[in-house]
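Take a look at the structure set out below.
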4 protein chains.
Amino acid sequence: MSPSRKAVLGQNQYGKAETRVVKVTRDGSVHHIKDLNVSVSLSGDMDEVHYSGSNANVLPTDTTKNTVFAFAREHGIDSAEQFGIHLARHFVTGQEAIGTARIRIEEYAWDRIGASGSDSRTAGADEINHSFVRNGREIRTAQITFDGENWEILTGLKDLTVLNSTNSEFWGYVKDRYTTLPEAYDRILATDVSACWRHNWTSDDERSPDWDSSYQQARRHILEAFAETYSLSLQQTLFQMGSRVVENLPEIDEIRFSLPNNHHFLVDLEPFGLTNENADGGVYFAADRPYGLIEATVLREGAQQRIPVDMTNL
Amino acid sequence: MSPSRKAVLGQNQYGKAETRVVKVTRDGSVHHIKDLNVSVSLSGDMDEVHYSGSNANVLPTDTTKNTVFAFAREHGIDSAEQFGIHLARHFVTGQEAIGTARIRIEEYAWDRIGASGSDSRTAGADEINHSFVRNGREIRTAQITFDGENWEILTGLKDLTVLNSTNSEFWGYVKDRYTTLPEAYDRILATDVSACWRHNWTSDDERSPDWDSSYQQARRHILEAFAETYSLSLQQTLFQMGSRVVENLPEIDEIRFSLPNNHHFLVDLEPFGLTNENADGGVYFAADRPYGLIEATVLREGAQQRIPVDMTNL
Amino acid sequence: MSPSRKAVLGQNQYGKAETRVVKVTRDGSVHHIKDLNVSVSLSGDMDEVHYSGSNANVLPTDTTKNTVFAFAREHGIDSAEQFGIHLARHFVTGQEAIGTARIRIEEYAWDRIGASGSDSRTAGADEINHSFVRNGREIRTAQITFDGENWEILTGLKDLTVLNSTNSEFWGYVKDRYTTLPEAYDRILATDVSACWRHNWTSDDERSPDWDSSYQQARRHILEAFAETYSLSLQQTLFQMGSRVVENLPEIDEIRFSLPNNHHFLVDLEPFGLTNENADGGVYFAADRPYGLIEATVLREGAQQRIPVDMTNL
Amino acid sequence: MSPSRKAVLGQNQYGKAETRVVKVTRDGSVHHIKDLNVSVSLSGDMDEVHYSGSNANVLPTDTTKNTVFAFAREHGIDSAEQFGIHLARHFVTGQEAIGTARIRIEEYAWDRIGASGSDSRTAGADEINHSFVRNGREIRTAQITFDGENWEILTGLKDLTVLNSTNSEFWGYVKDRYTTLPEAYDRILATDVSACWRHNWTSDDERSPDWDSSYQQARRHILEAFAETYSLSLQQTLFQMGSRVVENLPEIDEIRFSLPNNHHFLVDLEPFGLTNENADGGVYFAADRPYGLIEATVLREGAQQRIPVDMTNL
């Protein structure tokens with residue numbers, strides 16, 4: 001029998017991407033700010049809109065955008081995760097045709113101008129409580145998925161750029177016909193951390209984690225592991241970062257990293273009669289491309305691996 | 001029993017990303033150019049490099065970069081797919097520790113300056129055969145995966161920006177408390193096509209498709225379907241694009257799209273005493289964010305769905 | 001006498017940047033499209049808004065945005081230059097406080113899907129006249145400045161990426177203590193052309209050029225000069241491109257270029273027992289950074305140099 | 001007499017752009033890091049390389065890149081300004097054909113992981129002195145120009161994103177036929193500060209400022225002025241930022257700003273039966289384009305205005 005020539009619909013989803021919502025809360029003269037980029041993706045009984053163009057089951061993406069703004073007003077934004085939970089529950093329980101809602105959120109952090117210990121201590125610091133400077137360090141991410149029964153909450157960060165100027169080696173590797181790389185016993189190790197971790201909270205019957213506190217702890221463990229690991233490979237550093245998170249935070253079962261190896265090459269200054277060695281404080285060329293790319297999942301023994309392989313590239 | 005506190009390694013892969021290789025071929029005075037961005041990702045028996053930092057099984061990413069350049073010389077670059085096949089086979093058969101190789105390639109197209117029917121007819125066109133102008137329309141992509149037995153070849157494109165200035169409607173949708181969108185009976189439909197399709201060639205025993213010809217045909221069907229479909233929803237247009245590819249090209253079993261709805265809003269000019277209607281040739285505000293995002297897989301009846309949901313976002 | 005501690009206002013300007021306006025014109029069933037990004041910048045008697053915050057002389061930037069949309073309806077968009085002339089005249093003659101208006105425009109080109117000789121010949125080409133594919137090659141730019149008396153019209157393009165695979169040498173240069181570069185007698189020459197040229201039309205009393213035709217000719221001369229010049233330096237190629245424009249187009253008095261030298265380095269394959277030479281069709285590494293950057297103005301003998309040094313970097 | 005058809009060379013410059021140099025200094029176990037992106041631009045007696053392609057006066061851009069790396073070793077990197085002064089002096093005094101050197105530098109800041117008061121207090125903070133996290137807040141810039149006699153030192157910053165959630169109004173503006181904007185008595189004011197200021201140090205005979213300390217003070221005054229100004233227009237805020245710098249720092253004669261007005265629009269939630277007011281803590285849509293753009297120079301009374309109008313857009 002010859003194969004079918006007929007085309008059919010497979011997995012599909014739709015929604016409004018990148019709704020930029022900023023919520024200010026006023027606590028007397030002290031203001032607070034939440035700054036999110038929210039993408040809604042819905043799926044369910046959507047065959048007809050693909051086959052015939054009938055929109056009878058389609059809640060417009062414009063409506064999902066309106067809902068994001070309205071919910072910021074009705075529910076406030078406690079955390080990205082909590083806000084996403086409100087939204088996902090609304091779409092799945094509110095529309096019969098929608099079986100699953102996935103909310104992706106990026107959160108941008110702001111520091112207070114003038115706050116003690118912050119970016120800048122200003123003259124009138126005590127009295128200025130409505131002025132903020134964007135903290136550009138990294139972006140916090142969250143993905144909330146609800147299928148009407150269970151929750152999957154992925155939290156993460158990206159663009160956290162870190163560098164160790166020593167305590168990194170790379171040697172003892174396979175050498176084939178195309179290998180020219182010299183072994184290194186003291187090198188710079190630098191990367192832009194993209195990470196995504198899965199909470200084991202899945203049901204409204206259980207008490208959910210404190211999302212903000214959990215995030216801060218996960219971030220701290222990642223930074224500490226990077227700083228404290230004497231590294232023989234970026235893979236080893238990755239595993240240290242992941243295992244610290246999983247072993248210290250019982251609410252997290254799995255974490256996936258995508259770590260570019262931001263190469264810093266020691267420049268050859270010998271033609272100019274100059275030495276240039278790591279041990280002495282070197283001069284490096286910070287390269288753009290190509291770059292090594294190390295990706296892996298670290299998970300709690302016995303836990304199921306559920307974070308998609310490409311998740312951290314998004 | 002309380003859950004384990006021990007962390008273990010899950011899925012992992014590594015390699016050199018974004019090696020930019022340009023190959024010139026000289027056919028007498030007529031030159032040809034291939035311009036690729038190649039990312040290698042290897043996986044296999046890599047536990048130790050994560051656990052202890054031992055690199056005994058690790059072929060350095062620097063070596064995979066060298067291999068890309070050397071293979072461009074040894075094998076030439078016939079097509080992105082063929083080049084990726086050479087590379088993937090080499091890594092899997094050459095290193096015992098490596099079980100699977102995945103090669104991702106972006107290809108950038110160049111037009112000949114002065115060639116007939118091309119971008120620019122120059123005075124000395126007949127004699128100038130080494131001058132090129134980058135064709136910026138879209139990027140061709142390929143992903144080649146080999147596990148030692150079977151091949152999976154995904155071909156695709158991204159950033160193919162298209163627009164219909166009529167023959168698009170949107171009405172008859174669900175209205176809930178948060179719906180304010182007016183129905184539209186004549187609107188602009190515009191998107192940046194990201195698509196990725198899977199060939200059913202999986203074995204060296206079968207004859208492989210003509211990759212370049214197959215790409216050109218798939219691209220043509222996508223453009224034609226976009227232009228010729230009278231659209232009641234972007235989902236319907238998507239399905240038409242996908243079904244034309246699957247139904248006309250027997251070598252392709254599955255295709256996935258990610259289509260942003262590039263909103264063009266008719267500007268309200270009434271405050272200025274001006275009409276502004278689609279039927280009359282309208283003035284539109286081309287919005288950036290937020291945007292609708294429509295994603296779906298179209299596949300041959302009976303075929304297995306294998307392209308990852310997030311593939312077209314990469 | 002000690003220097004003043006008092007601060008005063010210097011040059012200033014304001015307006016709405018990046019209004020994205022798309023205008024469709026319907027000629028029966030044949031549609032036409034113009035796609036612009038318009039930035040308005042106004043200056044004049046604006047001291048008070050800086051010193052005291054009084055907006056009495058300030059036309060809101062929101063109004064300048066509205067004006068862009070309204071003018072697209074009232075006047076249509078014949079060319080970027082003509083559209084900018086309408087806008088600049090309106091602001092300067094309509095508001096007493098505004099002495100000078102500067103309009104910057106980027107134009108994005110679209111090809112017709114299915115048109116003969118175009119990107120894609122589709123089945124129903126003859127009947128489909130409302131379908132377009134974005135031509136991604138380069139961006140056309142225009143800057144229109146009016147001070148109430150005189151006009152200055154700068155036209156340009158950016159991101160026109162070109163490459164010669166031979167007919168380029170580089171030798172005979174200065175060598176100092178830090179020079180290691182070997183001389184090259186056959187190399188790839190590649191650049192992203194940014195150019196900006198000044199028309200000598202300055203007064204409503206004169207007949208203005210045909211802006212579209214002039215643009216097409218200038219672009220063609222630039223491409224031809226690039227292709228036909230046997231190059232001993234990128235500077236030489238730049239001068240050839242500029243002189244062809246100035247010498248062939250009497251309406252243009254001056255042109256400025258910013259040309260990155262997109263380095264394509266011949267990869268050293270000797271460690272792998274492979275040759276790699278230009279003459280034989282080489283394998284190149286296309287580098288990102290650093291890059292040479294060549295900038296110069298070419299002008300008609302006797303003409304005044306007026307294009308700012310940084311213009312082509314914008 | 002008819003105008004000349006002959007083209008001649010105007011202003012020109014060349015060099016290597018974007019050399020990414022990282023310098024580590026080891027002070028026992030305490031490491032320090034400087035991370036710069038350096039662009040060299042040289043001009044002088046360069047007619048022949050444009051007219052005939054003779055490179056007899058051309059120091060290769062590759063050599064200027066080598067010089068950046070070598071100087072980082074020979075002189076260290078005290079500050080971006082001091083490093084640029086070393087480079088500019090070298091090129092102008094070392095090559096007879098070169099009359100002027102202009103060095104542009106971007107500097108990226110790193111925080112210490114674990115340092116007190118910093119981003120993250122880690123367990124082993126006291127002992128870890130070689131670990132850094134990129135401080136993403138803003139980029140520091142410097143432009144050093146030397147013509148053999150005089151220096152011009154421009155220092156600046158870009159991408160410093162700030163927001164006031166109140167104390168901003170906008171009313172009393174001009175209203176014409178195209179004005180629809182309602183007046184605002186309490187709004188969000190947000191911008192990405194790009195600023196560039198000129199030191200009045202011009203001669204080796206004078207003692208140069210402490211570049212780092214001066215930068216920190218200028219930055220602090222800008223932030224404070226933003227936070228403390230009750231704003232009736234972004235222009236007023238701009239002038240306050242500039243005048244504080246000029247009036248408090250005698251070494252700075254002139255400062256230029258480019259300030260996008262990052263619009264935060266109060267969302268209309270009335271269709272959903274919800275109020276949404278600034279006074280009550282509002283929900284805002286953070287828009288991308290279009291945006292207001294306010295640009296101005298503030299200078300010391302009597303000082304000459306020398307910063308180019310487009311400087312802060314680079």
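Chain labels A, B, ... are given in the sequence in which chains occur in the structure tokens; within each chain residues are numbered consecutively from 1, and ligands are likewise numbered from 1 in the order shown.
All of the residues in chain C within 7 Å of chain A are Arg177, Tyr178 and Phe272 of chain C, where only C-alpha atoms were counted.
For region 235-297 of chain D, backbone-based DSSP assignment of strand (DSSP E or B) covers Ile252, Asp253, Glu254, Ile255, Arg256, Phe257, Ser258, Leu259, Pro260, Asn261, His264, Phe265, Leu266, Val283, Tyr284, Phe285, Ala286, Tyr291, Gly292, Leu293, Ile294, Glu295, Ala296 and Thr297 of chain D.
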For C-alpha atoms, I'd like the residues from the last selection saved as an mmCIF file, in the first residue's frame.
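Output below, filename again.cif:
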data_model
loop_
_atom_site.group_PDB
_atom_site.id
_atom_site.type_symbol
_atom_site.label_atom_id
_atom_site.label_comp_id
_atom_site.auth_asym_id
_atom_site.auth_seq_id
_atom_site.Cartn_x
_atom_site.Cartn_y
_atom_site.Cartn_z
ATOM 1 C CA ILE D 252 33.279 69.066 32.838
ATOM 2 C CA ASP D 253 32.246 71.884 30.487
ATOM 3 C CA GLU D 254 29.535 70.284 28.411
ATOM 4 C CA ILE D 255 27.177 67.317 28.430
ATOM 5 C CA ARG D 256 24.791 66.002 25.795
ATOM 6 C CA PHE D 257 21.851 63.686 26.350
ATOM 7 C CA SER D 258 19.673 61.526 24.150
ATOM 8 C CA LEU D 259 16.602 60.455 26.124
ATOM 9 C CA PRO D 260 13.891 58.272 24.664
ATOM 10 C CA ASN D 261 10.576 58.741 26.376
ATOM 11 C CA HIS D 264 4.034 53.596 29.828
ATOM 12 C CA PHE D 265 0.376 53.922 28.851
ATOM 13 C CA LEU D 266 -2.318 53.469 31.483
ATOM 14 C CA VAL D 283 -1.497 48.910 35.257
ATOM 15 C CA TYR D 284 0.554 50.110 32.318
ATOM 16 C CA PHE D 285 1.376 48.917 28.828
ATOM 17 C CA ALA D 286 5.111 49.452 28.276
ATOM 18 C CA TYR D 291 8.792 56.781 21.382
ATOM 19 C CA GLY D 292 9.473 60.408 22.100
ATOM 20 C CA LEU D 293 13.134 61.344 21.717
ATOM 21 C CA ILE D 294 14.543 64.330 23.573
ATOM 22 C CA GLU D 295 18.089 65.450 22.806
ATOM 23 C CA ALA D 296 19.977 68.434 24.117
ATOM 24 C CA THR D 297 23.338 69.821 25.148
#
Shell around Gln216 (chain C) at 12 Å using only C-alpha atoms, local window under 4 positions removed, as a PDB file with N, CA and C atoms, in the first residue's frame:
ATOM      1  N   ASP B 119      19.528  40.648  -8.852  1.00  0.00           N
ATOM      2  CA  ASP B 119      19.394  41.893  -8.118  1.00  0.00           C
ATOM      3  C   ASP B 119      19.785  43.116  -8.930  1.00  0.00           C
ATOM      4  N   SER B 120      20.809  42.993  -9.706  1.00  0.00           N
ATOM      5  CA  SER B 120      21.327  44.179 -10.375  1.00  0.00           C
ATOM      6  C   SER B 120      22.048  43.757 -11.644  1.00  0.00           C
ATOM      7  N   ARG B 121      21.633  44.315 -12.752  1.00  0.00           N
ATOM      8  CA  ARG B 121      22.331  44.010 -13.993  1.00  0.00           C
ATOM      9  C   ARG B 121      23.435  45.035 -14.189  1.00  0.00           C
TER      10      ARG B 121
ATOM     11  N   ARG C 140      16.620  51.292   2.722  1.00  0.00           N
ATOM     12  CA  ARG C 140      16.802  52.613   2.123  1.00  0.00           C
ATOM     13  C   ARG C 140      16.547  53.661   3.183  1.00  0.00           C
ATOM     14  N   THR C 155      19.948  61.017   1.016  1.00  0.00           N
ATOM     15  CA  THR C 155      19.383  59.695   0.720  1.00  0.00           C
ATOM     16  C   THR C 155      20.484  58.676   0.984  1.00  0.00           C
ATOM     17  N   GLY C 156      20.112  57.461   1.310  1.00  0.00           N
ATOM     18  CA  GLY C 156      21.156  56.480   1.571  1.00  0.00           C
ATOM     19  C   GLY C 156      20.634  55.065   1.625  1.00  0.00           C
ATOM     20  N   LEU C 157      21.525  54.183   1.991  1.00  0.00           N
ATOM     21  CA  LEU C 157      21.155  52.783   2.196  1.00  0.00           C
ATOM     22  C   LEU C 157      22.079  52.217   3.260  1.00  0.00           C
ATOM     23  N   ASP C 210      13.927  63.075  -9.510  1.00  0.00           N
ATOM     24  CA  ASP C 210      13.041  61.923  -9.377  1.00  0.00           C
ATOM     25  C   ASP C 210      13.694  61.018  -8.331  1.00  0.00           C
ATOM     26  N   TRP C 211      13.179  61.090  -7.107  1.00  0.00           N
ATOM     27  CA  TRP C 211      13.883  60.471  -5.980  1.00  0.00           C
ATOM     28  C   TRP C 211      14.082  58.956  -6.174  1.00  0.00           C
ATOM     29  N   ASP C 212      13.053  58.277  -6.648  1.00  0.00           N
ATOM     30  CA  ASP C 212      13.166  56.814  -6.766  1.00  0.00           C
ATOM     31  C   ASP C 212      14.157  56.419  -7.852  1.00  0.00           C
ATOM     32  N   ARG C 220      22.854  51.181  -8.114  1.00  0.00           N
ATOM     33  CA  ARG C 220      23.451  50.398  -9.186  1.00  0.00           C
ATOM     34  C   ARG C 220      24.923  50.771  -9.386  1.00  0.00           C
ATOM     35  N   HIS C 221      25.237  52.052  -9.366  1.00  0.00           N
ATOM     36  CA  HIS C 221      26.640  52.469  -9.529  1.00  0.00           C
ATOM     37  C   HIS C 221      27.503  51.928  -8.389  1.00  0.00           C
ATOM     38  N   ILE C 222      26.967  51.935  -7.179  1.00  0.00           N
ATOM     39  CA  ILE C 222      27.727  51.418  -6.038  1.00  0.00           C
ATOM     40  C   ILE C 222      28.028  49.932  -6.233  1.00  0.00           C
ATOM     41  N   LEU C 223      27.012  49.172  -6.612  1.00  0.00           N
ATOM     42  CA  LEU C 223      27.211  47.729  -6.819  1.00  0.00           C
ATOM     43  C   LEU C 223      28.183  47.455  -7.964  1.00  0.00           C
ATOM     44  N   VAL C 245      29.176  57.531  -8.420  1.00  0.00           N
ATOM     45  CA  VAL C 245      27.896  58.171  -8.104  1.00  0.00           C
ATOM     46  C   VAL C 245      27.958  59.656  -8.428  1.00  0.00           C
ATOM     47  N   LEU C 249      25.829  61.118 -11.611  1.00  0.00           N
ATOM     48  CA  LEU C 249      24.537  61.667 -11.209  1.00  0.00           C
ATOM     49  C   LEU C 249      24.708  63.136 -10.833  1.00  0.00           C
TER      50      LEU C 249
END
When you look at Pro60 (chain C) with a cut-off of 9 Å (counting only C-alpha atoms), what residues show up, excluding the ones that are within fewer than 2 positions of it in the same chain? I need them as a CSV table (one decimal) with C-alpha atoms, in the first residue's frame.
chain,number,residue,atom,x,y,z
C,15,GLY,CA,10.1,64.6,18.4
C,16,LYS,CA,8.6,61.2,17.9
C,55,ASN,CA,5.2,73.4,27.4
C,58,VAL,CA,5.8,72.4,22.6
C,62,ASP,CA,2.2,62.3,20.1
C,63,THR,CA,0.9,64.9,17.6
C,64,THR,CA,3.9,64.5,15.3
C,65,LYS,CA,3.1,60.8,15.3
D,173,TYR,CA,1.3,72.2,25.3
D,174,VAL,CA,0.4,73.4,21.8
D,175,LYS,CA,-2.7,71.8,20.3
D,179,THR,CA,-3.5,66.8,18.6
D,181,LEU,CA,-3.3,63.6,23.5
D,292,GLY,CA,9.5,60.4,22.1
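Running DSSP on the backbone and keeping only alpha helix (DSSP H), the residues of region 139-240 of chain C that qualify are Trp211, Asp212, Ser213, Ser214, Tyr215, Gln216, Gln217, Ala218, Arg219, Arg220, His221, Ile222, Leu223, Glu224, Ala225, Phe226, Ala227, Glu228, Leu234, Gln235, Gln236, Thr237, Leu238, Phe239 and Gln240 of chain C.
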Practice prompt. Write out as a ChimeraX atom specification which residues come within 10 Å of Arg26 (chain A) when counting only C-alpha atoms, dropping same-chain ones fewer than 3 positions away.
Written response: /A:23,29-33,129-130 /D:165,278-282
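One distance worth recording is that between CA of Ile103 (chain A) and CA of Ser203 (chain A), which is 16.8 Å.
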Fill in: Shortest interatomic distance to Thr229 (chain B) - which of A:Ser43, A:Thr61, A:Ser52, A:Asn12, counting only C-alpha atoms
A:Ser52
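Between CA of Cys196 (chain B) and CA of Ala142 (chain B) lies a distance of 8.3 Å.
Using only C-alpha atoms for every distance, the candidate list B:Val193, B:Asp176, B:Ile153, B:Ala303 yields B:Asp176 as the residue closest to Phe91 (chain A).
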Worksheet, complete the sentence: The residue from C:Ala56, C:Ala70, C:Ala109, C:Leu9 with the smallest atom-to-atom distance to Gln95 (chain C), counting only C-alpha atoms, is C:Ala56
Worksheet item: Nearest to Val49 (chain C): which of D:Leu232, D:Val246, D:Val267, D:Val309 is it, counting only C-alpha atoms?
Response: D:Leu232
